[in-house]
$ cat upload14.cif   # mmCIF, C-alpha atoms
data_entry
loop_
_atom_site.group_PDB
_atom_site.id
_atom_site.type_symbol
_atom_site.label_atom_id
_atom_site.label_comp_id
_atom_site.auth_asym_id
_atom_site.auth_seq_id
_atom_site.Cartn_x
_atom_site.Cartn_y
_atom_site.Cartn_z
ATOM 1 C CA MET A 384 0.000 0.000 0.000
ATOM 2 C CA THR A 385 2.965 2.318 0.553
ATOM 3 C CA LEU A 386 3.769 2.170 -3.151
ATOM 4 C CA LEU A 387 0.161 2.985 -4.022
ATOM 5 C CA ASN A 388 0.162 5.897 -1.556
ATOM 6 C CA PHE A 389 3.256 7.328 -3.245
ATOM 7 C CA PHE A 390 1.693 6.852 -6.684
ATOM 8 C CA ILE A 391 -1.515 8.652 -5.696
ATOM 9 C CA SER A 392 0.493 11.486 -4.115
ATOM 10 C CA GLY A 393 2.439 11.758 -7.378
ATOM 11 C CA ILE A 394 -0.776 11.894 -9.410
ATOM 12 C CA SER A 395 -2.107 14.626 -7.094
ATOM 13 C CA LEU A 396 1.066 16.727 -7.389
ATOM 14 C CA GLY A 397 1.205 16.041 -11.113
ATOM 15 C CA SER A 398 -2.392 17.228 -11.493
ATOM 16 C CA ILE A 399 -1.361 20.626 -10.095
ATOM 17 C CA TYR A 400 1.595 20.749 -12.493
ATOM 18 C CA ALA A 401 -0.722 19.816 -15.361
ATOM 19 C CA ILE A 402 -3.170 22.646 -14.587
ATOM 20 C CA ILE A 403 -0.292 25.151 -14.433
ATOM 21 C CA ALA A 404 1.289 23.697 -17.587
ATOM 22 C CA LEU A 405 -1.924 24.390 -19.507
ATOM 23 C CA GLY A 406 -1.211 28.118 -19.227
ATOM 24 C CA TYR A 407 2.256 27.686 -20.700
ATOM 25 C CA THR A 408 1.205 25.311 -23.458
ATOM 26 C CA MET A 409 -1.843 27.332 -24.574
ATOM 27 C CA VAL A 410 0.073 30.617 -24.773
ATOM 28 C CA TYR A 411 2.984 28.999 -26.590
ATOM 29 C CA GLY A 412 0.711 27.057 -28.929
ATOM 30 C CA ILE A 413 -1.163 30.196 -30.027
ATOM 31 C CA ALA A 414 1.141 33.185 -29.449
ATOM 32 C CA LYS A 415 4.435 31.243 -29.810
ATOM 33 C CA MET A 416 5.866 32.862 -26.689
ATOM 34 C CA LEU A 417 6.878 31.644 -23.236
ATOM 35 C CA ASN A 418 5.087 33.494 -20.451
ATOM 36 C CA PHE A 419 7.527 33.068 -17.568
ATOM 37 C CA ALA A 420 5.363 35.358 -15.425
ATOM 38 C CA HIS A 421 2.782 32.567 -15.265
ATOM 39 C CA GLY A 422 4.214 31.198 -12.013
ATOM 40 C CA ASP A 423 3.712 34.563 -10.340
ATOM 41 C CA VAL A 424 0.077 34.662 -11.423
ATOM 42 C CA ILE A 425 -0.292 31.448 -9.378
ATOM 43 C CA MET A 426 1.046 33.321 -6.361
ATOM 44 C CA VAL A 427 -1.349 36.250 -6.875
ATOM 45 C CA GLY A 428 -4.320 33.882 -7.056
ATOM 46 C CA ALA A 429 -3.275 32.150 -3.846
ATOM 47 C CA TYR A 430 -2.911 35.478 -2.000
ATOM 48 C CA VAL A 431 -6.320 36.720 -3.195
ATOM 49 C CA CYS A 432 -7.993 33.528 -1.990
ATOM 50 C CA PHE A 433 -6.041 33.642 1.297
ATOM 51 C CA TYR A 434 -7.188 37.168 2.172
ATOM 52 C CA ALA A 435 -10.739 36.552 0.969
ATOM 53 C CA VAL A 436 -11.114 33.503 3.237
ATOM 54 C CA SER A 437 -8.893 34.401 6.223
ATOM 55 C CA ARG A 438 -9.347 38.147 6.599
ATOM 56 C CA TYR A 439 -12.816 38.756 5.181
ATOM 57 C CA GLY A 440 -14.380 35.440 6.145
ATOM 58 C CA LEU A 441 -15.761 34.644 2.697
ATOM 59 C CA HIS A 442 -16.763 31.111 1.759
ATOM 60 C CA PRO A 443 -13.844 29.187 0.177
ATOM 61 C CA ILE A 444 -15.759 28.773 -3.103
ATOM 62 C CA VAL A 445 -16.251 32.556 -3.236
ATOM 63 C CA GLY A 446 -12.536 32.981 -2.475
ATOM 64 C CA VAL A 447 -11.568 30.670 -5.357
ATOM 65 C CA ALA A 448 -13.976 32.440 -7.727
ATOM 66 C CA LEU A 449 -12.571 35.841 -6.695
ATOM 67 C CA ALA A 450 -9.002 34.574 -7.224
ATOM 68 C CA MET A 451 -9.925 33.329 -10.703
ATOM 69 C CA LEU A 452 -11.529 36.684 -11.553
ATOM 70 C CA VAL A 453 -8.513 38.711 -10.363
ATOM 71 C CA CYS A 454 -6.016 36.442 -12.156
ATOM 72 C CA THR A 455 -8.082 36.454 -15.352
ATOM 73 C CA LEU A 456 -8.078 40.257 -15.379
ATOM 74 C CA LEU A 457 -4.371 40.278 -14.494
ATOM 75 C CA GLY A 458 -3.597 37.964 -17.407
ATOM 76 C CA ILE A 459 -5.484 40.202 -19.845
ATOM 77 C CA ILE A 460 -3.791 43.360 -18.518
ATOM 78 C CA VAL A 461 -0.309 41.817 -18.675
ATOM 79 C CA GLU A 462 -0.935 40.642 -22.241
ATOM 80 C CA LYS A 463 -2.213 44.045 -23.356
ATOM 81 C CA LEU A 464 0.521 46.115 -21.699
ATOM 82 C CA ALA A 465 3.598 43.885 -21.890
ATOM 83 C CA TYR A 466 3.190 41.406 -24.729
ATOM 84 C CA LYS A 467 0.853 42.891 -27.330
ATOM 85 C CA PRO A 468 3.323 45.678 -28.296
ATOM 86 C CA LEU A 469 5.910 42.949 -28.947
ATOM 87 C CA ARG A 470 3.884 40.866 -31.430
ATOM 88 C CA GLN A 471 6.458 41.330 -34.190
ATOM 89 C CA ALA A 472 9.506 41.626 -31.910
ATOM 90 C CA PRO A 473 12.263 39.001 -31.746
ATOM 91 C CA SER A 474 11.623 36.126 -29.350
ATOM 92 C CA LEU A 475 14.499 37.235 -27.119
ATOM 93 C CA ALA A 476 12.801 40.590 -26.468
ATOM 94 C CA VAL A 477 9.576 38.811 -25.502
ATOM 95 C CA LEU A 478 11.477 36.444 -23.206
ATOM 96 C CA ILE A 479 13.233 39.308 -21.416
ATOM 97 C CA THR A 480 9.893 41.111 -21.034
ATOM 98 C CA ALA A 481 8.326 37.989 -19.522
ATOM 99 C CA ILE A 482 11.136 37.760 -16.971
ATOM 100 C CA GLY A 483 10.685 41.463 -16.202
ATOM 101 C CA VAL A 484 6.948 40.994 -15.631
ATOM 102 C CA SER A 485 7.744 38.087 -13.311
ATOM 103 C CA TYR A 486 10.075 40.216 -11.188
ATOM 104 C CA PHE A 487 7.557 43.063 -11.179
ATOM 105 C CA LEU A 488 4.790 40.801 -9.823
ATOM 106 C CA GLN A 489 7.083 39.267 -7.198
ATOM 107 C CA ASN A 490 8.291 42.622 -5.894
ATOM 108 C CA THR A 491 4.795 44.081 -5.934
ATOM 109 C CA ALA A 492 3.697 41.115 -3.820
ATOM 110 C CA LEU A 493 6.556 41.818 -1.404
ATOM 111 C CA LEU A 494 5.406 45.429 -1.030
ATOM 112 C CA LEU A 495 1.749 44.509 -0.598
ATOM 113 C CA TRP A 496 1.980 41.384 1.544
ATOM 114 C CA SER A 497 5.585 41.337 2.911
ATOM 115 C CA SER A 498 7.938 38.368 2.787
ATOM 116 C CA ASN A 499 6.574 36.749 5.952
ATOM 117 C CA PRO A 500 5.216 33.265 5.225
ATOM 118 C CA LYS A 501 1.509 32.763 5.814
ATOM 119 C CA VAL A 502 -0.350 29.573 6.655
ATOM 120 C CA PHE A 503 -2.864 28.971 3.901
ATOM 121 C CA PRO A 504 -6.281 27.694 5.036
ATOM 122 C CA SER A 505 -7.328 24.570 3.171
ATOM 123 C CA VAL A 506 -10.392 25.295 1.068
ATOM 124 C CA VAL A 507 -11.411 21.609 1.125
ATOM 125 C CA GLY A 508 -10.598 20.633 4.709
ATOM 126 C CA ARG A 509 -7.750 18.635 6.223
ATOM 127 C CA GLY A 510 -9.567 15.308 6.513
ATOM 128 C CA ALA A 511 -8.838 12.068 4.657
ATOM 129 C CA PHE A 512 -10.608 8.988 3.354
ATOM 130 C CA LYS A 513 -9.324 5.737 4.889
ATOM 131 C CA LEU A 514 -9.410 2.628 2.705
ATOM 132 C CA PHE A 515 -8.323 -0.989 3.253
ATOM 133 C CA ASP A 516 -8.510 -0.724 7.055
ATOM 134 C CA GLY A 517 -6.545 2.498 7.069
ATOM 135 C CA GLN A 518 -3.646 1.206 4.963
ATOM 136 C CA LEU A 519 -4.507 3.600 2.141
ATOM 137 C CA SER A 520 -5.163 7.239 3.005
ATOM 138 C CA LEU A 521 -6.583 9.743 0.507
ATOM 139 C CA SER A 522 -6.682 13.313 1.754
ATOM 140 C CA HIS A 523 -9.560 15.524 0.687
ATOM 141 C CA VAL A 524 -7.073 17.820 -1.061
ATOM 142 C CA THR A 525 -5.732 14.901 -3.105
ATOM 143 C CA VAL A 526 -9.185 13.793 -4.244
ATOM 144 C CA VAL A 527 -10.335 17.336 -5.086
ATOM 145 C CA THR A 528 -7.080 18.072 -6.950
ATOM 146 C CA ILE A 529 -7.314 14.987 -9.154
ATOM 147 C CA VAL A 530 -11.028 15.461 -9.859
ATOM 148 C CA THR A 531 -10.507 19.159 -10.639
ATOM 149 C CA CYS A 532 -7.700 18.358 -13.070
ATOM 150 C CA VAL A 533 -9.833 15.793 -14.903
ATOM 151 C CA ILE A 534 -12.794 18.191 -15.140
ATOM 152 C CA ILE A 535 -10.587 21.038 -16.412
ATOM 153 C CA MET A 536 -8.988 18.827 -19.064
ATOM 154 C CA ILE A 537 -12.353 17.537 -20.294
ATOM 155 C CA CYS A 538 -13.878 21.032 -20.398
ATOM 156 C CA LEU A 539 -10.844 22.555 -22.114
ATOM 157 C CA THR A 540 -10.705 19.784 -24.720
ATOM 158 C CA TRP A 541 -14.412 20.299 -25.440
ATOM 159 C CA PHE A 542 -13.962 24.077 -25.544
ATOM 160 C CA THR A 543 -11.122 24.014 -28.070
ATOM 161 C CA GLY A 544 -12.875 21.472 -30.272
ATOM 162 C CA ASN A 545 -16.508 22.610 -30.240
ATOM 163 C CA THR A 546 -16.791 26.353 -29.598
ATOM 164 C CA ARG A 547 -16.247 29.277 -31.941
ATOM 165 C CA MET A 548 -13.475 30.750 -29.773
ATOM 166 C CA GLY A 549 -11.826 27.351 -29.349
ATOM 167 C CA LYS A 550 -11.726 26.843 -33.112
ATOM 168 C CA ALA A 551 -10.337 30.360 -33.490
ATOM 169 C CA MET A 552 -7.564 29.431 -31.057
ATOM 170 C CA ARG A 553 -6.717 26.348 -33.090
ATOM 171 C CA ALA A 554 -6.699 28.392 -36.291
ATOM 172 C CA CYS A 555 -4.374 30.998 -34.770
ATOM 173 C CA SER A 556 -2.134 28.202 -33.563
ATOM 174 C CA GLU A 557 -1.792 26.926 -37.124
ATOM 175 C CA ASP A 558 -1.314 30.266 -38.909
ATOM 176 C CA LYS A 559 -2.173 33.655 -37.411
ATOM 177 C CA SER A 560 -1.972 35.480 -40.744
ATOM 178 C CA ALA A 561 -4.323 33.047 -42.477
ATOM 179 C CA ALA A 562 -6.693 33.146 -39.487
ATOM 180 C CA GLN A 563 -6.816 36.935 -39.688
ATOM 181 C CA LEU A 564 -7.625 36.761 -43.403
ATOM 182 C CA MET A 565 -10.546 34.488 -42.525
ATOM 183 C CA GLY A 566 -12.002 37.161 -40.230
ATOM 184 C CA ILE A 567 -10.664 35.907 -36.893
ATOM 185 C CA ASN A 568 -9.704 38.605 -34.378
ATOM 186 C CA VAL A 569 -6.222 37.385 -33.508
ATOM 187 C CA ASN A 570 -5.653 39.924 -30.724
ATOM 188 C CA ALA A 571 -8.907 38.991 -28.980
ATOM 189 C CA THR A 572 -8.081 35.293 -29.355
ATOM 190 C CA ILE A 573 -4.656 35.709 -27.773
ATOM 191 C CA SER A 574 -6.165 37.784 -24.938
ATOM 192 C CA MET A 575 -8.710 35.026 -24.315
ATOM 193 C CA THR A 576 -5.882 32.501 -24.178
ATOM 194 C CA PHE A 577 -4.099 34.547 -21.512
ATOM 195 C CA ALA A 578 -7.384 34.950 -19.624
ATOM 196 C CA ILE A 579 -8.078 31.202 -19.552
ATOM 197 C CA GLY A 580 -4.505 30.300 -18.631
ATOM 198 C CA SER A 581 -4.404 32.878 -15.826
ATOM 199 C CA GLY A 582 -7.779 31.775 -14.446
ATOM 200 C CA LEU A 583 -6.544 28.187 -14.328
ATOM 201 C CA ALA A 584 -3.346 29.410 -12.635
ATOM 202 C CA ALA A 585 -5.491 30.765 -9.787
ATOM 203 C CA VAL A 586 -7.105 27.340 -9.335
ATOM 204 C CA ALA A 587 -3.682 25.697 -9.352
ATOM 205 C CA GLY A 588 -2.383 28.205 -6.785
ATOM 206 C CA VAL A 589 -5.241 27.477 -4.392
ATOM 207 C CA LEU A 590 -4.807 23.701 -4.771
ATOM 208 C CA LEU A 591 -1.035 23.974 -4.381
ATOM 209 C CA CYS A 592 -1.278 26.013 -1.179
ATOM 210 C CA SER A 593 -4.016 23.717 0.156
ATOM 211 C CA ALA A 594 -1.651 20.763 -0.235
ATOM 212 C CA TYR A 595 1.482 22.656 0.896
ATOM 213 C CA PRO A 596 0.077 25.427 3.143
ATOM 214 C CA THR A 597 2.957 27.902 3.177
ATOM 215 C CA LEU A 598 2.282 31.070 1.183
ATOM 216 C CA MET A 599 5.039 33.514 0.189
ATOM 217 C CA PRO A 600 5.664 35.887 -2.753
ATOM 218 C CA THR A 601 7.985 33.228 -4.226
ATOM 219 C CA THR A 602 5.404 30.446 -3.851
ATOM 220 C CA GLY A 603 4.737 30.094 -7.567
ATOM 221 C CA SER A 604 8.329 30.314 -8.824
ATOM 222 C CA LEU A 605 9.516 26.706 -8.473
ATOM 223 C CA PRO A 606 6.140 25.088 -9.269
ATOM 224 C CA GLY A 607 5.942 27.376 -12.303
ATOM 225 C CA ILE A 608 9.335 26.205 -13.543
ATOM 226 C CA LYS A 609 8.395 22.559 -12.953
ATOM 227 C CA ALA A 610 5.082 23.049 -14.752
ATOM 228 C CA PHE A 611 6.954 24.570 -17.688
ATOM 229 C CA THR A 612 9.170 21.502 -17.582
ATOM 230 C CA ALA A 613 6.033 19.345 -17.624
ATOM 231 C CA ALA A 614 4.725 21.220 -20.664
ATOM 232 C CA VAL A 615 8.013 20.644 -22.504
ATOM 233 C CA PHE A 616 8.108 17.039 -21.266
ATOM 234 C CA GLY A 617 4.682 16.250 -22.708
ATOM 235 C CA GLY A 618 5.081 18.394 -25.819
ATOM 236 C CA ILE A 619 4.585 22.125 -25.449
ATOM 237 C CA GLY A 620 1.582 23.346 -27.403
ATOM 238 C CA SER A 621 -0.344 20.113 -26.771
ATOM 239 C CA ILE A 622 -3.146 20.049 -24.160
ATOM 240 C CA PRO A 623 -2.953 16.241 -23.714
ATOM 241 C CA GLY A 624 0.824 16.661 -23.547
ATOM 242 C CA ALA A 625 0.467 19.093 -20.633
ATOM 243 C CA LEU A 626 -1.642 16.512 -18.783
ATOM 244 C CA LEU A 627 0.731 13.622 -19.497
ATOM 245 C CA GLY A 628 3.842 15.661 -18.715
ATOM 246 C CA GLY A 629 2.395 16.985 -15.457
ATOM 247 C CA LEU A 630 1.298 13.577 -14.197
ATOM 248 C CA LEU A 631 4.601 11.907 -15.094
ATOM 249 C CA LEU A 632 6.596 14.730 -13.536
ATOM 250 C CA GLY A 633 4.605 14.529 -10.291
ATOM 251 C CA VAL A 634 4.998 10.750 -10.023
ATOM 252 C CA ILE A 635 8.729 10.923 -10.777
ATOM 253 C CA GLU A 636 9.241 13.663 -8.175
ATOM 254 C CA ILE A 637 7.374 11.829 -5.402
ATOM 255 C CA PHE A 638 9.149 8.518 -6.056
ATOM 256 C CA ALA A 639 12.517 10.298 -6.252
ATOM 257 C CA LYS A 640 11.852 11.889 -2.848
ATOM 258 C CA ALA A 641 10.798 8.531 -1.384
ATOM 259 C CA TYR A 642 13.466 6.239 -2.789
ATOM 260 C CA ILE A 643 16.437 8.434 -3.730
ATOM 261 C CA SER A 644 16.662 11.717 -1.828
ATOM 262 C CA SER A 645 14.386 14.640 -1.073
ATOM 263 C CA GLN A 646 17.326 16.965 -1.792
ATOM 264 C CA LEU A 647 18.023 15.363 -5.182
ATOM 265 C CA SER A 648 14.423 14.939 -6.345
ATOM 266 C CA ASP A 649 14.468 18.110 -8.450
ATOM 267 C CA ALA A 650 17.737 17.043 -10.069
ATOM 268 C CA VAL A 651 16.199 13.661 -10.932
ATOM 269 C CA VAL A 652 13.157 15.363 -12.497
ATOM 270 C CA PHE A 653 15.260 17.599 -14.731
ATOM 271 C CA ALA A 654 17.630 14.736 -15.598
ATOM 272 C CA VAL A 655 14.663 12.696 -16.840
ATOM 273 C CA LEU A 656 13.537 15.699 -18.898
ATOM 274 C CA ILE A 657 16.974 15.969 -20.517
ATOM 275 C CA VAL A 658 16.955 12.265 -21.416
ATOM 276 C CA VAL A 659 13.450 12.481 -22.916
ATOM 277 C CA LEU A 660 14.334 15.533 -24.997
ATOM 278 C CA LEU A 661 17.500 13.869 -26.271
ATOM 279 C CA VAL A 662 15.419 10.936 -27.502
ATOM 280 C CA LYS A 663 12.319 12.923 -28.565
ATOM 281 C CA PRO A 664 13.094 16.667 -28.855
ATOM 282 C CA ALA A 665 9.459 17.674 -29.406
ATOM 283 C CA GLY A 666 8.305 15.996 -26.177
ATOM 284 C CA LEU A 667 6.294 12.831 -25.645
ATOM 285 C CA LEU A 668 3.193 13.962 -27.544
ATOM 286 C CA GLY A 669 4.730 16.827 -29.497
ATOM 287 C CA VAL A 670 5.094 16.792 -33.276
ATOM 288 C CA GLN A 671 8.314 18.064 -34.774
ATOM 289 C CA MET A 672 7.370 20.209 -37.755
ATOM 290 C CA PRO A 673 9.930 20.416 -40.570
ATOM 291 C CA GLU A 674 10.860 23.938 -41.558
ATOM 292 C CA LYS A 675 11.194 25.014 -45.166
ATOM 293 C CA VAL A 676 14.458 26.762 -45.986
#
$ encode --input "upload14.cif" --output "structure tokens"
Amino acid sequence: MTLLNFFISGISLGSIYAIIALGYTMVYGIAKMLNFAHGDVIMVGAYVCFYAVSRYGLHPIVGVALAMLVCTLLGIIVEKLAYKPLRQAPSLAVLITAIGVSYFLQNTALLLWSSNPKVFPSVVGRGAFKLFDGQLSLSHVTVVTIVTCVIIMICLTWFTGNTRMGKAMRACSEDKSAAQLMGINVNATISMTFAIGSGLAAVAGVLLCSAYPTLMPTTGSLPGIKAFTAAVFGGIGSIPGALLGGLLLGVIEIFAKAYISSQLSDAVVFAVLIVVLLVKPAGLLGVQMPEKV
């Protein structure tokens, strides 16, 4: 049962990585840019939910909804102010801007909320389900995290395949110029992508801090990097790839902590990524597109 406990913990952690990775993979798939400020949006969402529940006594569901609203608006504002003017700029300029936005959000959080760690209240309770005479324990956070990830993936897959905006996103992902000629508002589509990714980042931030209840302005930095790794692992630009990469990364990390070393677990995760990319550079579910020269 110990092995199964570790596996379920890995799936739970990987589900959080998968939800975060969706923001990276959607933005890259459509706008062809890496939004390294995404991890800090996670932190903002967690802080909004923390103050809504702890200081103002709002219901946790209201706190999560408020966090999603704030992060959605933040994602749209960041895209309009920082990234939209750089549509035709070299990728290096966009990358540097993304890093600058990340530092701006972190330091703003330090000014607003200080660097003192805060204990995040679990929005789903601290209880657990006991199975097999107590040999298998499933915390409420674990169950809610896995179920939430599955629901998000199903809804997002349906959205991109069956709605007008979802089809516009897929068209922009293929060729933005051709999509614009067909009457698609590319700017609005990219803004919607940032909005969805940022809203999901708020959910991931709440789930992350519910599982690991220490909240600081740097809370989203390392999970954000690992989620980006998961997106690359599964094939950046692919929604199923984000899910697969996140789940595999979470399982590998938990088993590395259990059987190798908690200090070396991150090194093991990134070593596995390097090996996978050496064998399959586009990621597990990614497709390497030949370029015409």
$ resolve_selection --input "upload14.cif" --expression "the PyMOL selection byres ((chain A and resi 635) around 9)" --output "ChimeraX atom specification"
/A:393,630-634,636-640,648,651-652,655
$ closest_residue --input "upload14.cif" --among "A:Met416, A:Val506, A:Val436, A:Leu590" --to "Ala481 of chain A" --atoms "all atoms listed in the file"
A:Met416
$ residues_near_point --input "upload14.cif" --point "(10.1, 28.7, -7.0)" --cutoff "12 Å" --atoms "only C-alpha atoms" --output "ChimeraX atom specification"
/A:419-423,425-426,485,489,598-611,649
$ write_last_selection --input "upload14.cif" --atoms "C-alpha atoms" --output "PDB file, keeping the file's coordinate frame"
ATOM      1  CA  PHE A 419       7.527  33.068 -17.568  1.00  0.00           C
ATOM      2  CA  ALA A 420       5.363  35.358 -15.425  1.00  0.00           C
ATOM      3  CA  HIS A 421       2.782  32.567 -15.265  1.00  0.00           C
ATOM      4  CA  GLY A 422       4.214  31.198 -12.013  1.00  0.00           C
ATOM      5  CA  ASP A 423       3.712  34.563 -10.340  1.00  0.00           C
ATOM      6  CA  ILE A 425      -0.292  31.448  -9.378  1.00  0.00           C
ATOM      7  CA  MET A 426       1.046  33.321  -6.361  1.00  0.00           C
ATOM      8  CA  SER A 485       7.744  38.087 -13.311  1.00  0.00           C
ATOM      9  CA  GLN A 489       7.083  39.267  -7.198  1.00  0.00           C
ATOM     10  CA  LEU A 598       2.282  31.070   1.183  1.00  0.00           C
ATOM     11  CA  MET A 599       5.039  33.514   0.189  1.00  0.00           C
ATOM     12  CA  PRO A 600       5.664  35.887  -2.753  1.00  0.00           C
ATOM     13  CA  THR A 601       7.985  33.228  -4.226  1.00  0.00           C
ATOM     14  CA  THR A 602       5.404  30.446  -3.851  1.00  0.00           C
ATOM     15  CA  GLY A 603       4.737  30.094  -7.567  1.00  0.00           C
ATOM     16  CA  SER A 604       8.329  30.314  -8.824  1.00  0.00           C
ATOM     17  CA  LEU A 605       9.516  26.706  -8.473  1.00  0.00           C
ATOM     18  CA  PRO A 606       6.140  25.088  -9.269  1.00  0.00           C
ATOM     19  CA  GLY A 607       5.942  27.376 -12.303  1.00  0.00           C
ATOM     20  CA  ILE A 608       9.335  26.205 -13.543  1.00  0.00           C
ATOM     21  CA  LYS A 609       8.395  22.559 -12.953  1.00  0.00           C
ATOM     22  CA  ALA A 610       5.082  23.049 -14.752  1.00  0.00           C
ATOM     23  CA  PHE A 611       6.954  24.570 -17.688  1.00  0.00           C
ATOM     24  CA  ASP A 649      14.468  18.110  -8.450  1.00  0.00           C
TER      25      ASP A 649
END
$ closest_residue --input "upload14.cif" --among "A:Gly624, A:Gly412, A:Gly618, A:Gly666" --to "Met552 of chain A" --atoms "only C-alpha atoms"
A:Gly412
$ closest_atom_pairs --input "upload14.cif" --of "segment 438-511 of chain A" --to "segment 526-539 of chain A" --cutoff "12 Å" --atoms "all atoms listed in the file" --output "tab-separated table"
residue	atom	partner	partner_atom	distance
A:Ser505	CA	A:Val527	CA	11.4
A:Val506	CA	A:Val527	CA	10.1
A:Val507	CA	A:Val527	CA	7.6
A:Gly508	CA	A:Val527	CA	10.3
A:Arg509	CA	A:Val526	CA	11.6
A:Gly510	CA	A:Val526	CA	10.9
A:Ala511	CA	A:Val526	CA	9.1
$ closest_residue --input "upload14.cif" --among "A:Leu564, A:Ala585, A:Leu519, A:Leu591" --to "Leu387 of chain A" --atoms "only C-alpha atoms"
A:Leu519
$ atom_distance --input "upload14.cif" --atom1 "atom CA of Ala561 of chain A" --atom2 "atom CA of Leu667 of chain A"
28.4 Å
$ resolve_selection --input "upload14.cif" --expression "the PyMOL selection byres ((chain A and resi 466-473) around 12)" --output "ChimeraX atom specification"
/A:410,413-420,458-465,474-484,559,569-574,577
$ atom_distance --input "upload14.cif" --atom1 "atom CA of Pro504 of chain A" --atom2 "atom CA of Tyr400 of chain A"
20.4 Å
$ atom_distance --input "upload14.cif" --atom1 "atom CA of Pro596 of chain A" --atom2 "atom CA of Ser395 of chain A"
15.0 Å
$ resolve_selection --input "upload14.cif" --expression "the PyMOL selection byres ((chain A and resi 441-444) around 12)" --output "mmCIF file with C-alpha atoms, in the coordinates of the input"
data_model
loop_
_atom_site.group_PDB
_atom_site.id
_atom_site.type_symbol
_atom_site.label_atom_id
_atom_site.label_comp_id
_atom_site.auth_asym_id
_atom_site.auth_seq_id
_atom_site.Cartn_x
_atom_site.Cartn_y
_atom_site.Cartn_z
ATOM 1 C CA ALA A 429 -3.275 32.150 -3.846
ATOM 2 C CA VAL A 431 -6.320 36.720 -3.195
ATOM 3 C CA CYS A 432 -7.993 33.528 -1.990
ATOM 4 C CA PHE A 433 -6.041 33.642 1.297
ATOM 5 C CA TYR A 434 -7.188 37.168 2.172
ATOM 6 C CA ALA A 435 -10.739 36.552 0.969
ATOM 7 C CA VAL A 436 -11.114 33.503 3.237
ATOM 8 C CA SER A 437 -8.893 34.401 6.223
ATOM 9 C CA ARG A 438 -9.347 38.147 6.599
ATOM 10 C CA TYR A 439 -12.816 38.756 5.181
ATOM 11 C CA GLY A 440 -14.380 35.440 6.145
ATOM 12 C CA VAL A 445 -16.251 32.556 -3.236
ATOM 13 C CA GLY A 446 -12.536 32.981 -2.475
ATOM 14 C CA VAL A 447 -11.568 30.670 -5.357
ATOM 15 C CA ALA A 448 -13.976 32.440 -7.727
ATOM 16 C CA LEU A 449 -12.571 35.841 -6.695
ATOM 17 C CA ALA A 450 -9.002 34.574 -7.224
ATOM 18 C CA MET A 451 -9.925 33.329 -10.703
ATOM 19 C CA PHE A 503 -2.864 28.971 3.901
ATOM 20 C CA PRO A 504 -6.281 27.694 5.036
ATOM 21 C CA SER A 505 -7.328 24.570 3.171
ATOM 22 C CA VAL A 506 -10.392 25.295 1.068
ATOM 23 C CA VAL A 507 -11.411 21.609 1.125
ATOM 24 C CA GLY A 508 -10.598 20.633 4.709
ATOM 25 C CA VAL A 586 -7.105 27.340 -9.335
ATOM 26 C CA VAL A 589 -5.241 27.477 -4.392
ATOM 27 C CA LEU A 590 -4.807 23.701 -4.771
ATOM 28 C CA SER A 593 -4.016 23.717 0.156
#
$ axis_aligned_box --input "upload14.cif" --around "segment 563-582 of chain A" --padding-each-side "4 Å" --output "lines of an AutoDock Vina configuration file"
center_x = -8.1
center_y = 35.1
center_z = -28.9
size_x = 15.9
size_y = 17.6
size_z = 37.0
$ closest_residue --input "upload14.cif" --among "A:Leu386, A:Leu583, A:Val662, A:Ile657" --to "Ala641 of chain A" --atoms "only C-alpha atoms"
A:Leu386
